[in-house]
Amino acid sequence: MPGFSRFLQSATVRAMPICLWAWGLLFAARCEAASGAAVSTNTTFAAHMAELRKTAPKTFTLVEQKPFVVLGDESPELVRQRAEHTVKWAVDKLKSAYFPRDPVEIIDIWLFKDDESYRRHARVLFNDKPTTPFGYYSPAHRALIMNISTGGGTLVHEIVHPFMRANFPACPAWFNEGLASLYEQSGERDGHIRGETNWRLAGLQEAIRAGRTLSFQKLTGTSDEEFYGGNGSQNYSQFYAQARYLCYFLQEQGLLVKYYREFSGNAAQDPTGYGSLKKILGTPDMDAFKKGWEAFVLKLKFL
């Protein structure tokens with residue numbers, strides 16, 4: 001900020017009280033640092049885009065959609081549409097509700113047009129063999145690798161995770177996946193992102209009727225290893241579903257964003273989020289809450 005620097009050097013400013021002079025120096029330093037960081041970020045992004053253009057298949061369209069790069073083998077118009085109407089839309093809404101900080105790393109979003117393209121390119125580009133037909137995140141390649149023919153739900157789910165790492169790194173798996181799963185089926189209401197009922201509902205309703213759901217103290221207390229369990233775990237999908245529909249309930253009561261802020265702000269004292277949950281709900285009787293929540297879930301429908 002050369003103009004501001006000249007102002008600080010003027011005789012008028014030199015006559016200021018020392019506290020104002022110090023404030024001016026601090027303000028200028030912060031502005032110049034922010035400007036330098038922006039230039040550095042833009043330079044890094046430009047270099048990353050240049051490298052991708054060298055290595056990506058020539059038939060792929062590349063779209064800069066910070067903090068991501070979107071690459072796809074559908075028509076250029078459709079790739080740009082997905083970058084704008086799915087990626088940018090989700091990023092803008094999630095940042096508005098939850099996440100002030102962008103991921104530090106640049107993440108590539110690879111959108112493959114069908115299952116054959118998805119599996120072939122996962123093997124050729126990343127030496128991977130996908131274990132899901134939808135898509136996954138590869139930490140080694142800093143890439144979301146998606147079969148976009150299955151829909152954009154998994155893409156929005158996966159977009160949540162790098163923002164959670166940047167803003168709430170201590171977040172346990174149950175809430176990380178619960179919030180991400182909430183937006184697998186999502187829309188917009190009053191300008192805000194809104195999770196809708198989805199395919200996980202039927203299995204959860206069956207578990208409720210069979211009396212297999214966990215207490216919320218147990219659910220929030222699951223370790224990451226217990227929560228993820230693996231696709232062979234009998235409870236793997238149920239944990240996701242229970243976490244998702246707890247988030248859905250909080251959303252419908254207007255409490256989800258409040259809960260995120262309470263939990264993320266007090267995670268050092270409440271690492272599972274159970275204490276924050278009781279506080280936001282305003283009830284000490286979590287057994288009674290669970291019965292009410294189960295009745296709420298059993299009335300939901302997924303069409």
# chains A, B, ... in the order shown; residues from 1 in each chain; ligands from 1
$ residues_around --residues "Asp108 (chain A)" --least-positions-apart "5" --cutoff "6 Å" --atoms "only C-alpha atoms" --output "PyMOL selection string"
chain A and resi 68-69+143
$ select_by_dssp --residues "region 79-222 of chain A" --states "strand (DSSP E or B)" --output "PyMOL selection string"
chain A and resi 107-112+135-138+143-147+186-189+192-195
$ atom_distance --atom1 "CA of Pro162 (chain A)" --atom2 "CA of Tyr136 (chain A)"
12.4 Å
$ residues_around --residues "region 115-124 of chain A" --least-positions-apart "2" --cutoff "10 Å" --atoms "only C-alpha atoms" --output "ChimeraX atom specification"
/A:57,73,110-113,126-135,145-150
$ write_last_selection --atoms "C-alpha atoms" --output "compact mmCIF listing (two decimals), in the first residue's frame"
# COMPACT_ATOMS: atom_id res chain seq x y z
CA PRO A 57 -5.76 -35.57 -20.27
CA ASP A 73 -14.43 -35.16 -19.24
CA TRP A 110 -12.01 -34.72 -10.83
CA LEU A 111 -15.48 -35.30 -12.29
CA PHE A 112 -15.62 -38.42 -14.45
CA LYS A 113 -18.62 -38.74 -16.73
CA PHE A 126 -3.83 -42.13 -9.33
CA ASN A 127 -3.02 -45.85 -9.30
CA ASP A 128 -6.21 -46.38 -7.28
CA LYS A 129 -8.96 -48.98 -7.34
CA PRO A 130 -12.16 -47.32 -6.05
CA THR A 131 -14.07 -49.16 -3.33
CA THR A 132 -17.20 -47.05 -3.84
CA PRO A 133 -19.19 -46.37 -7.02
CA PHE A 134 -19.71 -42.73 -6.04
CA GLY A 135 -16.35 -41.12 -5.30
CA ILE A 145 -12.23 -38.32 -7.41
CA MET A 146 -15.89 -38.55 -8.40
CA ASN A 147 -18.19 -40.56 -10.63
CA ILE A 148 -20.44 -37.61 -11.37
CA SER A 149 -23.01 -39.77 -13.19
CA THR A 150 -24.21 -40.89 -9.73
$ residues_around --residues "region 84-87 of chain A" --least-positions-apart "4" --cutoff "10 Å" --atoms "only C-alpha atoms" --output "VMD selection string"
chain A and resid 63 65 to 66 68 to 70 78 to 80 91 to 92 109 152 to 153 155 to 156 159
$ write_last_selection --atoms "N, CA and C atoms" --output "compact mmCIF listing (two decimals), in the first residue's frame"
# COMPACT_ATOMS: atom_id res chain seq x y z
N VAL A 63 -11.48 -25.88 -14.79
CA VAL A 63 -12.15 -24.65 -14.34
C VAL A 63 -11.59 -24.26 -12.98
N GLN A 65 -11.98 -22.77 -9.64
CA GLN A 65 -13.08 -22.46 -8.73
C GLN A 65 -12.54 -22.49 -7.31
N LYS A 66 -11.82 -21.42 -6.94
CA LYS A 66 -11.08 -21.40 -5.67
C LYS A 66 -12.01 -21.69 -4.49
N PHE A 68 -10.74 -24.66 -5.12
CA PHE A 68 -10.63 -25.92 -5.86
C PHE A 68 -10.30 -25.66 -7.32
N VAL A 69 -9.87 -26.71 -7.98
CA VAL A 69 -9.84 -26.75 -9.44
C VAL A 69 -10.75 -27.89 -9.86
N VAL A 70 -11.67 -27.61 -10.75
CA VAL A 70 -12.61 -28.63 -11.23
C VAL A 70 -12.15 -29.10 -12.60
N LEU A 78 -20.88 -28.35 -19.58
CA LEU A 78 -21.40 -29.06 -18.41
C LEU A 78 -20.41 -29.03 -17.25
N VAL A 79 -19.12 -29.12 -17.55
CA VAL A 79 -18.10 -29.04 -16.50
C VAL A 79 -18.16 -27.66 -15.84
N ARG A 80 -18.27 -26.61 -16.66
CA ARG A 80 -18.35 -25.26 -16.11
C ARG A 80 -19.64 -25.08 -15.30
N VAL A 91 -19.78 -24.30 -1.77
CA VAL A 91 -18.73 -23.58 -1.04
C VAL A 91 -19.27 -22.29 -0.45
N ASP A 92 -20.00 -21.52 -1.24
CA ASP A 92 -20.53 -20.24 -0.75
C ASP A 92 -21.49 -20.45 0.41
N ILE A 109 -10.79 -31.33 -8.01
CA ILE A 109 -12.03 -32.10 -8.08
C ILE A 109 -12.14 -32.70 -9.48
N GLY A 152 -24.60 -35.30 -7.75
CA GLY A 152 -23.69 -34.38 -7.07
C GLY A 152 -23.68 -34.50 -5.57
N GLY A 153 -24.48 -35.41 -4.99
CA GLY A 153 -24.57 -35.51 -3.54
C GLY A 153 -23.26 -35.87 -2.88
N LEU A 155 -20.35 -35.37 -4.03
CA LEU A 155 -19.44 -34.24 -4.23
C LEU A 155 -19.62 -33.20 -3.12
N VAL A 156 -20.86 -32.84 -2.82
CA VAL A 156 -21.10 -31.86 -1.76
C VAL A 156 -20.66 -32.43 -0.42
N ILE A 159 -16.95 -32.09 -0.17
CA ILE A 159 -16.49 -30.70 -0.06
C ILE A 159 -16.48 -30.25 1.41
$ residues_around --residues "Val297 (chain A)" --least-positions-apart "4" --cutoff "10 Å" --atoms "only C-alpha atoms" --output "list in words"
Thr197, Leu201, Ala202, Leu204, Gln205, Ile208, Gln242, Tyr245, Leu246, Tyr248, Phe249, Lys291, Gly292, Trp293 and Lys301 of chain A
$ write_last_selection --atoms "N, CA and C atoms" --output "compact mmCIF listing (two decimals), in the first residue's frame"
# COMPACT_ATOMS: atom_id res chain seq x y z
N THR A 197 -34.18 -35.12 3.40
CA THR A 197 -34.18 -36.56 3.68
C THR A 197 -33.53 -37.29 2.51
N LEU A 201 -32.41 -42.86 5.35
CA LEU A 201 -33.53 -42.82 6.28
C LEU A 201 -34.11 -44.20 6.55
N ALA A 202 -34.32 -45.01 5.52
CA ALA A 202 -35.00 -46.30 5.69
C ALA A 202 -34.24 -47.21 6.66
N LEU A 204 -32.21 -46.31 9.05
CA LEU A 204 -32.28 -45.75 10.39
C LEU A 204 -33.64 -46.04 11.01
N GLN A 205 -34.70 -45.89 10.23
CA GLN A 205 -36.03 -46.19 10.76
C GLN A 205 -36.15 -47.65 11.16
N ILE A 208 -34.37 -48.04 14.47
CA ILE A 208 -35.17 -47.49 15.57
C ILE A 208 -36.24 -48.49 15.99
N GLN A 242 -27.51 -42.22 11.92
CA GLN A 242 -27.92 -41.61 13.18
C GLN A 242 -27.28 -40.23 13.33
N TYR A 245 -29.10 -37.78 10.87
CA TYR A 245 -30.45 -37.34 11.23
C TYR A 245 -30.50 -36.64 12.58
N LEU A 246 -29.44 -36.73 13.38
CA LEU A 246 -29.31 -35.81 14.50
C LEU A 246 -29.06 -34.41 13.96
N TYR A 248 -29.89 -33.36 11.04
CA TYR A 248 -31.13 -32.96 10.36
C TYR A 248 -32.13 -32.39 11.38
N PHE A 249 -32.27 -33.07 12.51
CA PHE A 249 -33.17 -32.58 13.56
C PHE A 249 -32.74 -31.19 14.03
N LYS A 291 -36.07 -40.44 22.74
CA LYS A 291 -37.39 -40.96 22.40
C LYS A 291 -38.13 -39.99 21.49
N GLY A 292 -38.04 -38.71 21.79
CA GLY A 292 -38.68 -37.71 20.93
C GLY A 292 -38.04 -37.65 19.56
N TRP A 293 -36.70 -37.74 19.53
CA TRP A 293 -35.99 -37.72 18.24
C TRP A 293 -36.38 -38.93 17.40
N LYS A 301 -40.21 -38.90 5.67
CA LYS A 301 -40.37 -39.69 4.44
C LYS A 301 -39.29 -39.27 3.45
$ residues_around --residues "Ala241 (chain A)" --least-positions-apart "5" --cutoff "12 Å" --atoms "only C-alpha atoms" --output "PyMOL selection string"
chain A and resi 174-175+177-182+184+197-208+213-214+219+227+235-236+246-248+297
$ residues_around --residues "Ser96 (chain A)" --least-positions-apart "3" --cutoff "10 Å" --atoms "only C-alpha atoms" --output "JSON, numbers by chain"
{"A": [90, 91, 92, 93, 99, 100, 191, 192, 193]}
$ closest_residue --among "A:Thr44, A:Gln217, A:Pro103, A:Gln253" --to "Pro284 (chain A)" --atoms "only C-alpha atoms"
A:Gln217
$ atom_distance --atom1 "CA of Leu281 (chain A)" --atom2 "CA of Gln238 (chain A)"
22.5 Å
$ atom_distance --atom1 "CA of Leu256 (chain A)" --atom2 "CA of Gly195 (chain A)"
11.0 Å
$ closest_residue --among "A:Lys290, A:Lys278, A:Lys95, A:His141" --to "Ile107 (chain A)" --atoms "only C-alpha atoms"
A:His141
$ closest_residue --among "A:Phe60, A:Gly229, A:Lys88, A:Arg142" --to "Pro76 (chain A)" --atoms "only C-alpha atoms"
A:Phe60
$ select_by_dssp --residues "region 117-156 of chain A" --states "alpha helix (DSSP H)" --output "PDB file with N, CA and C atoms, in the first residue's frame"
ATOM      1  N   SER A 117     -15.238 -44.399 -17.006  1.00  0.00           N
ATOM      2  CA  SER A 117     -14.236 -43.334 -16.978  1.00  0.00           C
ATOM      3  C   SER A 117     -13.670 -43.167 -15.577  1.00  0.00           C
ATOM      4  N   TYR A 118     -14.539 -43.202 -14.584  1.00  0.00           N
ATOM      5  CA  TYR A 118     -14.147 -43.060 -13.177  1.00  0.00           C
ATOM      6  C   TYR A 118     -13.125 -44.115 -12.775  1.00  0.00           C
ATOM      7  N   ARG A 119     -13.419 -45.377 -13.057  1.00  0.00           N
ATOM      8  CA  ARG A 119     -12.529 -46.452 -12.623  1.00  0.00           C
ATOM      9  C   ARG A 119     -11.244 -46.483 -13.456  1.00  0.00           C
ATOM     10  N   ARG A 120     -11.365 -46.215 -14.739  1.00  0.00           N
ATOM     11  CA  ARG A 120     -10.175 -46.228 -15.599  1.00  0.00           C
ATOM     12  C   ARG A 120      -9.220 -45.094 -15.223  1.00  0.00           C
ATOM     13  N   HIS A 121      -9.744 -43.892 -15.039  1.00  0.00           N
ATOM     14  CA  HIS A 121      -8.873 -42.769 -14.717  1.00  0.00           C
ATOM     15  C   HIS A 121      -8.343 -42.841 -13.286  1.00  0.00           C
ATOM     16  N   ALA A 122      -9.122 -43.412 -12.379  1.00  0.00           N
ATOM     17  CA  ALA A 122      -8.600 -43.603 -11.018  1.00  0.00           C
ATOM     18  C   ALA A 122      -7.363 -44.502 -11.058  1.00  0.00           C
ATOM     19  N   ARG A 123      -7.400 -45.495 -11.920  1.00  0.00           N
ATOM     20  CA  ARG A 123      -6.252 -46.408 -12.057  1.00  0.00           C
ATOM     21  C   ARG A 123      -5.091 -45.714 -12.779  1.00  0.00           C
ATOM     22  N   VAL A 124      -5.379 -45.065 -13.893  1.00  0.00           N
ATOM     23  CA  VAL A 124      -4.320 -44.499 -14.727  1.00  0.00           C
ATOM     24  C   VAL A 124      -3.685 -43.261 -14.077  1.00  0.00           C
ATOM     25  N   LEU A 125      -4.514 -42.386 -13.522  1.00  0.00           N
ATOM     26  CA  LEU A 125      -4.001 -41.119 -12.992  1.00  0.00           C
ATOM     27  C   LEU A 125      -3.502 -41.228 -11.555  1.00  0.00           C
ATOM     28  N   PHE A 126      -4.130 -42.112 -10.762  1.00  0.00           N
ATOM     29  CA  PHE A 126      -3.831 -42.133  -9.326  1.00  0.00           C
ATOM     30  C   PHE A 126      -3.400 -43.502  -8.811  1.00  0.00           C
ATOM     31  N   GLY A 153     -24.480 -35.413  -4.994  1.00  0.00           N
ATOM     32  CA  GLY A 153     -24.575 -35.512  -3.544  1.00  0.00           C
ATOM     33  C   GLY A 153     -23.263 -35.865  -2.878  1.00  0.00           C
ATOM     34  N   THR A 154     -22.568 -36.859  -3.403  1.00  0.00           N
ATOM     35  CA  THR A 154     -21.282 -37.252  -2.828  1.00  0.00           C
ATOM     36  C   THR A 154     -20.273 -36.121  -2.955  1.00  0.00           C
ATOM     37  N   LEU A 155     -20.352 -35.370  -4.035  1.00  0.00           N
ATOM     38  CA  LEU A 155     -19.437 -34.240  -4.231  1.00  0.00           C
ATOM     39  C   LEU A 155     -19.623 -33.203  -3.124  1.00  0.00           C
ATOM     40  N   VAL A 156     -20.864 -32.838  -2.819  1.00  0.00           N
ATOM     41  CA  VAL A 156     -21.103 -31.856  -1.758  1.00  0.00           C
ATOM     42  C   VAL A 156     -20.664 -32.428  -0.415  1.00  0.00           C
TER      43      VAL A 156
END
